[in-house]
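Data first, discussion second: the structure below is written as structure tokens.
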2 protein chains.
Amino acid sequence: MASHRPSTLALATDLYELTMAASWLTLDVNARATFSLFVRRLPSTRSCLVFAGLEDAVDRLQALAFDEEAVDAIARTGSVAPEVARRLSGVRFTGDVWAMREGRVFFQDEPVLEVDAPMIEAQLIETTLLNAIHYPTLIASKSVRCVAAARGAAVVEFGLRRAPGIEAGSSAARASWLAGFSATSNVLASTALEIPPSGTVAHSFIEAFDSEREAFRAWAESTSGALTLLVDTYDTIRGVEHAIEVARELQDRGRRLDAIRLDSGDLDALSRAARAMLDRAGLRHVAIVASGGLDEDAIDALAGAGAPIDGFGVGTRVGMSADAPVLDMVYKLVAYDGRPRLKLSTTKETLVLPKQVYRRTDPGGRAAEDRIALRDEPPPGPGWEPLLEPVVRGGVAAPMPSLHEARTFCGSEVARFPPALFLPGERGAYRVSRSPELARAQELAVVACRARER
Amino acid sequence: MASHRPSTLALATDLYELTMAASWLTLDVNARATFSLFVRRLPSTRSCLVFAGLEDAVDRLQALAFDEEAVDAIARTGSVAPEVARRLSGVRFTGDVWAMREGRVFFQDEPVLEVDAPMIEAQLIETTLLNAIHYPTLIASKSVRCVAAARGAAVVEFGLRRAPGIEAGSSAARASWLAGFSATSNVLASTALEIPPSGTVAHSFIEAFDSEREAFRAWAESTSGALTLLVDTYDTIRGVEHAIEVARELQDRGRRLDAIRLDSGDLDALSRAARAMLDRAGLRHVAIVASGGLDEDAIDALAGAGAPIDGFGVGTRVGMSADAPVLDMVYKLVAYDGRPRLKLSTTKETLVLPKQVYRRTDPGGRAAEDRIALRDEPPPGPGWEPLLEPVVRGGVAAPMPSLHEARTFCGSEVARFPPALFLPGERGAYRVSRSPELARAQELAVVACRARER
């Protein structure tokens, strides 16, 4: 999404990807390799994850090239000889990529993406792929929980101010929109990605006037479009009274108040009190929006208790996935030169060979179970759907679904699973097995590897 | 640091910053305002924070301008009338900024930055400033703890692969280098910021060969410079044996093994075993580097127990500040048109008026206490140093310390405080008070505000 210079994309990698490429170029080792990208273990507060970031990953992979600036910079690290660095200028990604669709619900150990390519290319893109996929997947997986917890109320993304930079702000806005958010406050993301923009007004606006009433009047007078008043600057109940007063004045002039926003205090009690006051004043159409350090847990507590809140603004806690800020997402060699490869490091054993993930749908359309299989196995039976699709062939990307299509797909995908998988405080159980063929290949590979290294 | 198009910088903001600016332009409300940027409450696992991100913040503020592309995009949001959006094209930042130096240790409620400017400009930069400062401060504050926990061992930044994008990866590399890290694996950040690059070798390289020994030989043969062997792909103890074998072969040819890397398992036990094996083999000069999901807690446990580890590679858990991924960092109006401003929202009361933070140093050079005062107060006495310095005057930035100067400053700053402030599992106490003048002004402002809104 962000437009980067070619050398930025090429150099935004770990040094060892380049030294390994240099080494393989020197040794002339470059047979075909398969790497799997997967999450080793779900965070303790997640029953599943939502895949995102593929479009950016494929864009970056297509753009991979070492121009003169990149080659010079690599030589200057002192870790790659200049004549080897120059040979990198001929490297492009010419391989194949299999991946799940963005918006897909997935589970631990399931490859979400596999790369088949000459070793040098396949290895060179490791950092690039993880960097493009980890954060969007983290945020989509968190956001989908907020949407589930809101039980139909709108959830709006307010996270830019504490996002890890401009690029991350747009990336989070995209991932949360993909996961079902209704709008973003981020103007850049809104503009670039056609996400509905959303904004209210800050406390500083209210404070710049001599009284809250006066501020409300000034805001209404000087803006057009949807009108939201922020009522918690001084005293929330009084703020609601002032909003009602101003709403009545506006009604006389044919303009209406659309919403009030609560940003602090006991949001459950205040939203109920505000709703009752608005209703008594004949302002049933005025929505109540809540914000202030919210996440799916807070939304769940409010919406679950029936607090009359029509929209939730969420920011930092979603943009940093605060309860689970890290996914154990890795990109591992699983086959080289046609043979299975794996490491045996403690608790880090990887599933060998090119794989496929099959999902069985029950007759009611619900997802029933997943099976991780070898890629060339047929589906386990009727009703099983392969989740990994070819997205790049011989270095050329297939057309991708638009972001809006991906968002629709994510919604349909979430609807296929029990809500407990997404709701805070609940843990959904979902069966993921390995095919007998994969289990057998894995066992053989482990035995062979142990024997070889004895 | 990242080079952004002007419209990207202008649009990377929350919609309400623009609608408020539009409103003030329409109302012709634009007296001088002061905003304070501060952290309301420290995370429960932090005794202090380290300020970072100022250079980028000031760069962005200097670049603030609404070109035709930005104006068109703003008009297209539908929230700002086209003729008002056009008036934004004349807006530049012409105000003053006071800020702490990057690398400064600070505490909750202390303004790290204050802006004095016409209201429209001062408000417009809210999202920009927080976005530029929140993440680097978060990462510097986490990184400084890793450095303290390592007790003199090197700490190297490996976080790019799971960073929230390319920009965030560079931002984290910069912040952790500022806080005392020794190197980064991120080639882009290394190149752009002159941070020493660091890289070892991945498991996939080892696995591409028929045996670990063969892989070690190939790696040694095909690389120059510092040689590190990764020993945990199959069986760590056997991996160390293989490394010793290859080291001896290399010695015969005049090349030496510099380090081995442990990336899994019981790092304490394995590092001791490996150290003993290396020493017995006469390879005392071979360093041991540890990695794999490390953070300051893990480093503290290892280094505190005397595990013979010479360098720690840290990645994701630092890059997302996993134990404390969010700072309650805000930018609040504190004065408008010469008068104190504040909100009274529950638990969110702000300290009014332009302020200064004074720090008292004891005769031994140790920081003894801080006092938050009004900006025009004199220092409380001899030995008190003002921490907020003018960094932008009338829209023009003063020269900034280089990143390397900031890093040196951060090191000297950390040395002035008790180590308990930075070490995991300890809580340092440090006195921060408010000057009587500030306390009095605050009290008056609260009373006046309550009276006005009664």
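Please note that chains go A, B, ... in the order of the structure tokens, that every chain numbers its residues from 1, and that ligands are numbered from 1 in the order shown.
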Would you superpose chain B on chain A, least squares on all C-alpha atoms in order, and hand back the fitted chain as a compact mmCIF listing (two decimals) with C-alpha atoms, in the first residue's frame?
# COMPACT_ATOMS: atom_id res chain seq x y z
CA MET B 1 -0.03 -0.04 -0.02
CA ALA B 2 2.70 2.42 0.91
CA SER B 3 4.86 3.28 -2.08
CA HIS B 4 8.46 2.48 -1.32
CA ARG B 5 11.58 3.11 -3.35
CA PRO B 6 13.01 -0.10 -4.83
CA SER B 7 16.10 0.10 -2.63
CA THR B 8 13.93 0.53 0.47
CA LEU B 9 12.08 -2.69 -0.30
CA ALA B 10 15.31 -4.53 -1.07
CA LEU B 11 17.13 -3.34 2.05
CA ALA B 12 14.21 -3.76 4.46
CA THR B 13 15.45 -7.19 5.38
CA ASP B 14 17.60 -8.96 7.92
CA LEU B 15 21.28 -8.94 7.10
CA TYR B 16 21.47 -12.72 7.19
CA GLU B 17 19.02 -13.05 4.30
CA LEU B 18 21.58 -11.23 2.19
CA THR B 19 24.64 -13.02 3.55
CA MET B 20 22.93 -16.37 3.00
CA ALA B 21 22.02 -15.37 -0.56
CA ALA B 22 25.61 -14.31 -1.11
CA SER B 23 26.82 -17.59 0.29
CA TRP B 24 24.54 -19.65 -1.94
CA LEU B 25 25.53 -17.60 -4.96
CA THR B 26 29.17 -18.29 -4.11
CA LEU B 27 28.59 -21.99 -3.49
CA ASP B 28 26.22 -22.31 -6.44
CA VAL B 29 23.65 -23.94 -4.16
CA ASN B 30 20.22 -23.02 -5.50
CA ALA B 31 17.93 -26.02 -5.90
CA ARG B 32 14.21 -25.61 -5.49
CA ALA B 33 12.97 -25.06 -1.94
CA THR B 34 9.59 -24.93 -0.25
CA PHE B 35 8.99 -22.71 2.78
CA SER B 36 5.83 -22.68 4.92
CA LEU B 37 4.60 -19.56 6.69
CA PHE B 38 2.50 -20.41 9.74
CA VAL B 39 1.77 -19.57 13.37
CA ARG B 40 3.34 -22.09 15.71
CA ARG B 41 1.09 -21.47 18.69
CA LEU B 42 -1.98 -19.27 19.12
CA PRO B 43 -1.79 -16.60 21.82
CA SER B 44 -3.56 -17.79 24.97
CA THR B 45 -6.40 -15.31 24.40
CA ARG B 46 -7.10 -16.38 20.79
CA SER B 47 -9.10 -19.38 19.58
CA CYS B 48 -8.31 -18.62 15.96
CA LEU B 49 -6.71 -15.96 13.75
CA VAL B 50 -7.71 -14.04 10.60
CA PHE B 51 -5.25 -13.96 7.71
CA ALA B 52 -4.37 -10.51 6.31
CA GLY B 53 -1.51 -8.74 4.58
CA LEU B 54 -1.30 -10.93 1.48
CA GLU B 55 -1.80 -8.15 -1.05
CA ASP B 56 1.10 -6.12 0.35
CA ALA B 57 3.24 -9.25 0.63
CA VAL B 58 2.71 -10.14 -3.01
CA ASP B 59 3.24 -6.53 -4.11
CA ARG B 60 6.57 -6.41 -2.31
CA LEU B 61 7.62 -9.77 -3.67
CA GLN B 62 6.84 -8.64 -7.22
CA ALA B 63 8.87 -5.48 -6.64
CA LEU B 64 11.89 -7.31 -5.28
CA ALA B 65 14.97 -6.06 -7.13
CA PHE B 66 18.41 -4.89 -6.13
CA ASP B 67 19.18 -1.63 -7.88
CA GLU B 68 22.56 0.09 -7.80
CA GLU B 69 21.75 1.94 -4.59
CA ALA B 70 20.81 -1.32 -2.85
CA VAL B 71 23.86 -3.18 -4.14
CA ASP B 72 26.16 -0.40 -2.94
CA ALA B 73 24.51 -0.34 0.47
CA ILE B 74 24.85 -4.11 0.80
CA ALA B 75 28.52 -3.98 -0.11
CA ARG B 76 29.00 -1.22 2.48
CA THR B 77 27.73 -3.51 5.28
CA GLY B 78 31.07 -5.27 4.98
CA SER B 79 29.29 -8.63 5.23
CA VAL B 80 28.97 -9.28 1.50
CA ALA B 81 31.86 -8.97 -0.93
CA PRO B 82 31.17 -6.25 -3.54
CA GLU B 83 31.44 -8.67 -6.45
CA VAL B 84 28.87 -10.97 -4.84
CA ALA B 85 26.60 -8.04 -3.96
CA ARG B 86 26.62 -7.10 -7.63
CA ARG B 87 25.35 -10.56 -8.53
CA LEU B 88 22.24 -9.83 -6.46
CA SER B 89 21.19 -7.28 -9.04
CA GLY B 90 20.11 -10.14 -11.29
CA VAL B 91 17.85 -11.71 -8.66
CA ARG B 92 14.05 -11.49 -9.06
CA PHE B 93 11.30 -13.61 -7.58
CA THR B 94 10.47 -16.26 -10.18
CA GLY B 95 8.77 -18.79 -7.93
CA ASP B 96 5.27 -19.87 -6.97
CA VAL B 97 3.26 -18.80 -3.95
CA TRP B 98 0.27 -20.62 -2.50
CA ALA B 99 -1.76 -18.77 0.07
CA MET B 100 -5.06 -18.54 1.89
CA ARG B 101 -7.35 -15.67 0.95
CA GLU B 102 -7.22 -12.54 3.07
CA GLY B 103 -9.99 -12.67 5.64
CA ARG B 104 -9.67 -16.46 6.06
CA VAL B 105 -10.03 -17.83 9.60
CA PHE B 106 -7.10 -20.12 10.40
CA PHE B 107 -5.51 -22.06 13.23
CA GLN B 108 -2.09 -22.89 14.58
CA ASP B 109 0.31 -25.02 12.52
CA GLU B 110 -1.75 -24.39 9.37
CA PRO B 111 0.39 -22.92 6.61
CA VAL B 112 -1.25 -19.67 5.49
CA LEU B 113 1.30 -19.30 2.72
CA GLU B 114 3.85 -21.51 1.00
CA VAL B 115 6.63 -20.53 -1.36
CA ASP B 116 8.19 -22.83 -3.98
CA ALA B 117 11.21 -21.18 -5.57
CA PRO B 118 14.93 -21.50 -6.10
CA MET B 119 16.48 -21.43 -2.62
CA ILE B 120 18.08 -17.99 -2.95
CA GLU B 121 14.79 -16.28 -3.87
CA ALA B 122 12.71 -18.26 -1.41
CA GLN B 123 15.05 -17.39 1.45
CA LEU B 124 15.55 -13.74 0.46
CA ILE B 125 11.87 -12.96 0.90
CA GLU B 126 11.53 -14.36 4.44
CA THR B 127 11.75 -11.07 6.33
CA THR B 128 9.70 -9.30 3.65
CA LEU B 129 6.82 -11.77 3.85
CA LEU B 130 6.70 -11.93 7.64
CA ASN B 131 6.92 -8.13 7.91
CA ALA B 132 4.03 -7.74 5.45
CA ILE B 133 1.82 -10.41 7.04
CA HIS B 134 2.47 -10.49 10.80
CA TYR B 135 1.04 -7.11 11.76
CA PRO B 136 -2.07 -7.10 9.54
CA THR B 137 -2.91 -10.64 10.68
CA LEU B 138 -2.42 -9.61 14.29
CA ILE B 139 -4.75 -6.62 13.86
CA ALA B 140 -7.39 -8.40 11.79
CA SER B 141 -7.46 -11.17 14.41
CA LYS B 142 -7.99 -8.62 17.19
CA SER B 143 -10.48 -6.53 15.22
CA VAL B 144 -12.76 -9.40 14.34
CA ARG B 145 -13.18 -9.95 18.09
CA CYS B 146 -14.24 -6.32 18.59
CA VAL B 147 -16.83 -6.69 15.84
CA ALA B 148 -18.18 -9.91 17.40
CA ALA B 149 -18.28 -8.32 20.86
CA ALA B 150 -20.18 -5.27 19.56
CA ARG B 151 -23.13 -7.51 18.60
CA GLY B 152 -24.11 -5.43 15.60
CA ALA B 153 -23.10 -1.99 16.86
CA ALA B 154 -20.61 -0.17 14.64
CA VAL B 155 -16.90 -0.32 15.49
CA VAL B 156 -14.74 2.53 14.23
CA GLU B 157 -10.93 2.60 14.05
CA PHE B 158 -9.34 5.55 15.91
CA GLY B 159 -5.81 4.16 16.33
CA LEU B 160 -3.56 6.29 14.11
CA ARG B 161 -2.24 8.57 16.85
CA ARG B 162 -0.54 5.77 18.75
CA ALA B 163 0.13 3.48 15.79
CA PRO B 164 3.78 2.55 15.12
CA GLY B 165 4.16 5.14 12.36
CA ILE B 166 2.18 6.27 9.34
CA GLU B 167 2.52 3.01 7.41
CA ALA B 168 1.35 0.97 10.41
CA GLY B 169 -1.58 3.32 10.92
CA SER B 170 -2.80 2.65 7.40
CA SER B 171 -2.06 -1.03 7.75
CA ALA B 172 -4.15 -1.25 10.93
CA ALA B 173 -6.99 0.71 9.35
CA ARG B 174 -6.97 -1.70 6.40
CA ALA B 175 -6.83 -4.82 8.58
CA SER B 176 -9.62 -3.69 10.89
CA TRP B 177 -11.83 -2.67 7.96
CA LEU B 178 -11.17 -6.09 6.41
CA ALA B 179 -12.28 -7.65 9.71
CA GLY B 180 -15.58 -5.76 9.70
CA PHE B 181 -15.02 -2.32 11.20
CA SER B 182 -17.37 0.35 9.88
CA ALA B 183 -15.06 3.31 9.36
CA THR B 184 -11.70 4.86 10.23
CA SER B 185 -10.60 8.25 11.55
CA ASN B 186 -7.42 7.92 9.46
CA VAL B 187 -7.84 10.25 6.47
CA LEU B 188 -4.90 8.78 4.55
CA ALA B 189 -6.20 5.23 4.85
CA SER B 190 -9.74 6.34 4.15
CA THR B 191 -8.64 8.10 0.97
CA ALA B 192 -6.27 5.42 -0.28
CA LEU B 193 -8.45 2.42 0.54
CA GLU B 194 -11.96 3.82 0.19
CA ILE B 195 -12.84 3.17 3.82
CA PRO B 196 -15.58 5.48 5.13
CA PRO B 197 -13.96 8.30 7.15
CA SER B 198 -15.22 9.07 10.62
CA GLY B 199 -14.55 11.88 13.03
CA THR B 200 -16.18 13.67 15.89
CA VAL B 201 -14.61 16.54 17.86
CA ALA B 202 -11.92 16.79 20.54
CA HIS B 203 -12.03 18.12 24.09
CA SER B 204 -9.71 20.96 23.06
CA PHE B 205 -12.42 22.35 20.79
CA ILE B 206 -14.87 22.40 23.68
CA GLU B 207 -12.28 23.96 26.00
CA ALA B 208 -11.39 26.75 23.59
CA PHE B 209 -14.81 28.31 24.26
CA ASP B 210 -15.97 29.98 27.43
CA SER B 211 -18.67 27.41 28.03
CA GLU B 212 -19.62 23.98 26.81
CA ARG B 213 -22.95 25.26 25.46
CA GLU B 214 -21.17 27.91 23.46
CA ALA B 215 -18.73 25.34 22.11
CA PHE B 216 -21.56 23.01 21.06
CA ARG B 217 -23.31 25.88 19.26
CA ALA B 218 -20.10 26.92 17.50
CA TRP B 219 -19.39 23.34 16.40
CA ALA B 220 -22.90 22.89 15.03
CA GLU B 221 -22.81 26.23 13.27
CA SER B 222 -19.44 25.76 11.61
CA THR B 223 -19.74 22.17 10.37
CA SER B 224 -21.93 20.41 7.90
CA GLY B 225 -22.76 16.72 7.64
CA ALA B 226 -23.21 14.34 10.55
CA LEU B 227 -23.15 16.22 13.84
CA THR B 228 -21.64 14.61 16.94
CA LEU B 229 -21.20 16.41 20.26
CA LEU B 230 -18.58 15.29 22.78
CA VAL B 231 -20.25 15.52 26.20
CA ASP B 232 -17.69 14.45 28.82
CA THR B 233 -15.29 17.41 28.94
CA TYR B 234 -16.50 18.71 32.30
CA ASP B 235 -19.48 16.76 33.62
CA THR B 236 -21.08 14.16 31.41
CA ILE B 237 -24.69 14.44 32.60
CA ARG B 238 -24.56 18.21 32.31
CA GLY B 239 -22.91 17.73 28.92
CA VAL B 240 -25.88 15.65 27.78
CA GLU B 241 -28.22 18.39 29.03
CA HIS B 242 -26.29 20.95 27.03
CA ALA B 243 -26.38 18.71 23.97
CA ILE B 244 -30.15 18.35 24.29
CA GLU B 245 -30.51 22.12 24.64
CA VAL B 246 -28.47 22.72 21.51
CA ALA B 247 -30.26 19.92 19.65
CA ARG B 248 -33.56 21.67 20.31
CA GLU B 249 -32.23 25.00 19.08
CA LEU B 250 -30.99 23.24 15.96
CA GLN B 251 -34.32 21.53 15.37
CA ASP B 252 -35.94 24.94 15.21
CA ARG B 253 -33.57 25.70 12.36
CA GLY B 254 -34.05 22.39 10.59
CA ARG B 255 -30.72 20.81 11.54
CA ARG B 256 -30.41 17.70 13.63
CA LEU B 257 -27.99 16.29 16.17
CA ASP B 258 -26.83 12.86 15.04
CA ALA B 259 -24.83 11.56 17.98
CA ILE B 260 -23.19 12.26 21.29
CA ARG B 261 -19.84 10.80 22.29
CA LEU B 262 -18.86 9.52 25.75
CA ASP B 263 -15.08 9.26 26.21
CA SER B 264 -14.60 8.63 29.95
CA GLY B 265 -16.25 7.44 33.14
CA ASP B 266 -18.66 4.54 33.66
CA LEU B 267 -19.77 4.09 30.06
CA ASP B 268 -22.48 1.60 30.96
CA ALA B 269 -24.20 3.86 33.50
CA LEU B 270 -23.61 7.04 31.52
CA SER B 271 -24.91 5.58 28.25
CA ARG B 272 -28.11 4.42 30.00
CA ALA B 273 -28.58 7.81 31.65
CA ALA B 274 -27.87 9.64 28.41
CA ARG B 275 -30.22 7.37 26.45
CA ALA B 276 -33.03 8.02 28.94
CA MET B 277 -32.43 11.78 28.83
CA LEU B 278 -32.32 11.86 25.03
CA ASP B 279 -35.43 9.72 24.73
CA ARG B 280 -37.35 11.88 27.23
CA ALA B 281 -36.36 14.89 25.13
CA GLY B 282 -37.78 13.25 22.02
CA LEU B 283 -34.31 12.68 20.61
CA ARG B 284 -34.56 8.94 20.01
CA HIS B 285 -32.71 9.30 16.73
CA VAL B 286 -29.57 10.63 18.46
CA ALA B 287 -26.99 7.84 18.60
CA ILE B 288 -24.56 7.24 21.46
CA VAL B 289 -20.95 6.61 20.59
CA ALA B 290 -18.45 5.43 23.21
CA SER B 291 -14.65 5.59 23.18
CA GLY B 292 -11.67 5.76 25.53
CA GLY B 293 -9.24 2.86 25.82
CA LEU B 294 -11.76 0.31 24.56
CA ASP B 295 -11.02 -3.18 23.34
CA GLU B 296 -13.11 -6.30 22.76
CA ASP B 297 -13.27 -7.04 26.47
CA ALA B 298 -14.70 -3.61 27.29
CA ILE B 299 -17.03 -3.73 24.28
CA ASP B 300 -18.20 -7.20 25.30
CA ALA B 301 -18.90 -6.04 28.85
CA LEU B 302 -20.90 -3.05 27.60
CA ALA B 303 -22.74 -4.65 24.69
CA GLY B 304 -23.26 -7.90 26.62
CA ALA B 305 -24.91 -5.96 29.46
CA GLY B 306 -27.18 -4.19 26.99
CA ALA B 307 -25.68 -0.70 27.37
CA PRO B 308 -27.45 1.45 24.74
CA ILE B 309 -24.31 2.24 22.73
CA ASP B 310 -24.64 2.44 18.95
CA GLY B 311 -21.01 2.75 18.03
CA PHE B 312 -17.63 2.03 19.59
CA GLY B 313 -14.46 3.94 18.76
CA VAL B 314 -11.36 1.84 19.38
CA GLY B 315 -7.76 2.87 19.04
CA THR B 316 -4.49 1.99 20.64
CA ARG B 317 -5.43 -1.25 22.34
CA VAL B 318 -6.52 -2.65 19.00
CA GLY B 319 -3.68 -1.05 17.00
CA MET B 320 -1.12 -2.76 19.22
CA SER B 321 -3.27 -5.85 19.87
CA ALA B 322 -2.54 -5.08 23.50
CA ASP B 323 -3.60 -8.38 25.08
CA ALA B 324 -1.66 -10.43 22.52
CA PRO B 325 0.84 -8.18 20.73
CA VAL B 326 2.92 -10.93 19.15
CA LEU B 327 2.15 -13.92 16.96
CA ASP B 328 4.59 -16.81 16.89
CA MET B 329 4.56 -16.54 13.11
CA VAL B 330 7.45 -18.16 11.25
CA TYR B 331 8.63 -19.00 7.75
CA LYS B 332 10.38 -22.34 7.68
CA LEU B 333 12.12 -24.51 5.13
CA VAL B 334 10.09 -27.70 4.68
CA ALA B 335 11.58 -29.17 1.52
CA TYR B 336 14.81 -28.73 -0.40
CA ASP B 337 15.63 -30.34 -3.69
CA GLY B 338 12.53 -32.50 -3.41
CA ARG B 339 13.34 -33.88 0.04
CA PRO B 340 11.73 -33.08 3.40
CA ARG B 341 13.60 -30.66 5.65
CA LEU B 342 12.99 -29.79 9.26
CA LYS B 343 14.62 -28.59 12.40
CA LEU B 344 14.32 -30.52 15.61
CA SER B 345 14.96 -27.58 17.97
CA THR B 346 13.10 -27.96 21.25
CA THR B 347 9.39 -27.11 20.83
CA LYS B 348 10.08 -25.82 17.34
CA GLU B 349 9.67 -28.91 15.14
CA THR B 350 8.21 -27.97 11.74
CA LEU B 351 5.83 -29.95 9.50
CA VAL B 352 7.71 -31.15 6.43
CA LEU B 353 7.01 -30.99 2.70
CA PRO B 354 4.63 -28.85 0.60
CA LYS B 355 1.24 -28.89 2.24
CA GLN B 356 -2.42 -28.14 1.77
CA VAL B 357 -5.05 -27.26 4.35
CA TYR B 358 -8.47 -28.80 3.79
CA ARG B 359 -11.61 -27.56 5.51
CA ARG B 360 -14.78 -29.61 5.82
CA THR B 361 -18.09 -27.80 5.74
CA ASP B 362 -21.14 -29.50 7.24
CA PRO B 363 -24.44 -29.61 5.34
CA GLY B 364 -25.61 -26.49 7.22
CA GLY B 365 -22.68 -24.53 5.77
CA ARG B 366 -20.74 -24.44 9.06
CA ALA B 367 -17.03 -25.14 9.16
CA ALA B 368 -16.65 -28.50 10.89
CA GLU B 369 -12.95 -29.36 10.93
CA ASP B 370 -9.60 -28.72 9.21
CA ARG B 371 -6.98 -31.16 8.08
CA ILE B 372 -3.36 -30.35 7.26
CA ALA B 373 -2.29 -32.64 4.43
CA LEU B 374 0.49 -33.03 1.89
CA ARG B 375 -0.09 -30.74 -1.06
CA ASP B 376 -0.45 -33.52 -3.61
CA GLU B 377 -2.97 -35.49 -1.57
CA PRO B 378 -6.53 -35.47 -2.86
CA PRO B 379 -9.14 -33.89 -0.57
CA PRO B 380 -10.10 -36.24 2.28
CA GLY B 381 -13.61 -36.54 0.84
CA PRO B 382 -16.59 -34.64 -0.51
CA GLY B 383 -17.31 -31.37 1.29
CA TRP B 384 -13.61 -30.65 1.90
CA GLU B 385 -12.28 -27.44 0.40
CA PRO B 386 -8.59 -26.63 -0.14
CA LEU B 387 -7.65 -23.33 1.54
CA LEU B 388 -4.29 -22.69 -0.11
CA GLU B 389 -4.64 -21.34 -3.64
CA PRO B 390 -1.95 -20.40 -6.15
CA VAL B 391 -1.49 -16.62 -5.99
CA VAL B 392 1.84 -16.28 -7.79
CA ARG B 393 2.98 -18.56 -10.62
CA GLY B 394 6.49 -18.28 -12.03
CA GLY B 395 6.86 -14.90 -10.41
CA VAL B 396 3.60 -13.52 -11.84
CA ALA B 397 0.78 -12.66 -9.48
CA ALA B 398 -2.81 -13.66 -10.19
CA PRO B 399 -5.45 -10.94 -9.78
CA MET B 400 -6.44 -10.52 -6.14
CA PRO B 401 -9.83 -9.86 -4.63
CA SER B 402 -10.37 -6.19 -3.85
CA LEU B 403 -10.24 -5.07 -0.23
CA HIS B 404 -14.00 -4.77 -0.23
CA GLU B 405 -14.36 -8.31 -1.58
CA ALA B 406 -11.94 -9.52 1.07
CA ARG B 407 -14.02 -7.77 3.74
CA THR B 408 -17.19 -9.46 2.51
CA PHE B 409 -15.36 -12.78 2.41
CA CYS B 410 -14.13 -12.29 5.98
CA GLY B 411 -17.67 -11.64 7.15
CA SER B 412 -18.95 -14.82 5.50
CA GLU B 413 -15.98 -16.73 6.88
CA VAL B 414 -16.62 -15.59 10.46
CA ALA B 415 -20.29 -16.55 10.08
CA ARG B 416 -19.26 -20.15 9.33
CA PHE B 417 -17.68 -20.59 12.78
CA PRO B 418 -19.19 -20.68 16.27
CA PRO B 419 -19.25 -17.17 17.82
CA ALA B 420 -17.33 -18.55 20.82
CA LEU B 421 -14.21 -18.55 18.63
CA PHE B 422 -14.29 -14.74 18.52
CA LEU B 423 -15.90 -13.69 21.78
CA PRO B 424 -13.80 -12.60 24.77
CA GLY B 425 -13.96 -14.90 27.76
CA GLU B 426 -15.00 -17.87 25.65
CA ARG B 427 -12.79 -20.50 24.09
CA GLY B 428 -14.06 -22.14 20.96
CA ALA B 429 -12.90 -25.67 20.26
CA TYR B 430 -12.23 -26.53 16.63
CA ARG B 431 -10.68 -29.72 15.34
CA VAL B 432 -7.48 -29.48 13.27
CA SER B 433 -5.84 -32.79 12.42
CA ARG B 434 -2.97 -33.98 10.24
CA SER B 435 -3.57 -36.39 7.41
CA PRO B 436 -2.12 -39.88 7.89
CA GLU B 437 0.16 -39.24 4.89
CA LEU B 438 1.58 -36.08 6.44
CA ALA B 439 1.96 -37.75 9.83
CA ARG B 440 3.82 -40.63 8.19
CA ALA B 441 6.09 -38.33 6.14
CA GLN B 442 6.80 -36.31 9.29
CA GLU B 443 7.73 -39.39 11.28
CA LEU B 444 10.04 -40.67 8.55
CA ALA B 445 11.69 -37.28 8.20
CA VAL B 446 12.34 -37.00 11.94
CA VAL B 447 13.82 -40.50 12.05
CA ALA B 448 15.98 -39.87 8.99
CA CYS B 449 17.16 -36.53 10.34
CA ARG B 450 18.05 -38.01 13.74
CA ALA B 451 19.90 -40.89 12.04
CA ARG B 452 21.83 -38.52 9.79
CA GLU B 453 22.88 -36.29 12.66
CA ARG B 454 23.77 -39.11 15.05
Taking the DSSP assignment computed from this structure's backbone, write out as a ChimeraX atom specification all residues of stretch 55-182 of chain A that belong to strand (DSSP E). /A:96-99,105-106,113-118,154-157
Writer output for current selection, C-alpha atoms, as a CSV table (one decimal), in the first residue's frame:
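The resulting out-v4.csv:
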chain,number,residue,atom,x,y,z
A,96,ASP,CA,5.3,-19.9,-7.0
A,97,VAL,CA,3.2,-18.8,-4.0
A,98,TRP,CA,0.3,-20.6,-2.5
A,99,ALA,CA,-1.8,-18.8,0.1
A,105,VAL,CA,-10.0,-17.8,9.6
A,106,PHE,CA,-7.1,-20.1,10.4
A,113,LEU,CA,1.3,-19.3,2.7
A,114,GLU,CA,3.8,-21.5,1.0
A,115,VAL,CA,6.6,-20.5,-1.4
A,116,ASP,CA,8.2,-22.8,-4.0
A,117,ALA,CA,11.2,-21.2,-5.6
A,118,PRO,CA,14.9,-21.5,-6.1
A,154,ALA,CA,-20.6,-0.2,14.7
A,155,VAL,CA,-16.9,-0.3,15.5
A,156,VAL,CA,-14.7,2.5,14.2
A,157,GLU,CA,-10.9,2.6,14.1
Using DSSP on the backbone coordinates, identify all residues within stretch 248-388 of chain B classified as helix (DSSP H, G or I); present the result as an NGL selection string. :B and (248-252 or 267-280 or 296-304 or 316-319)
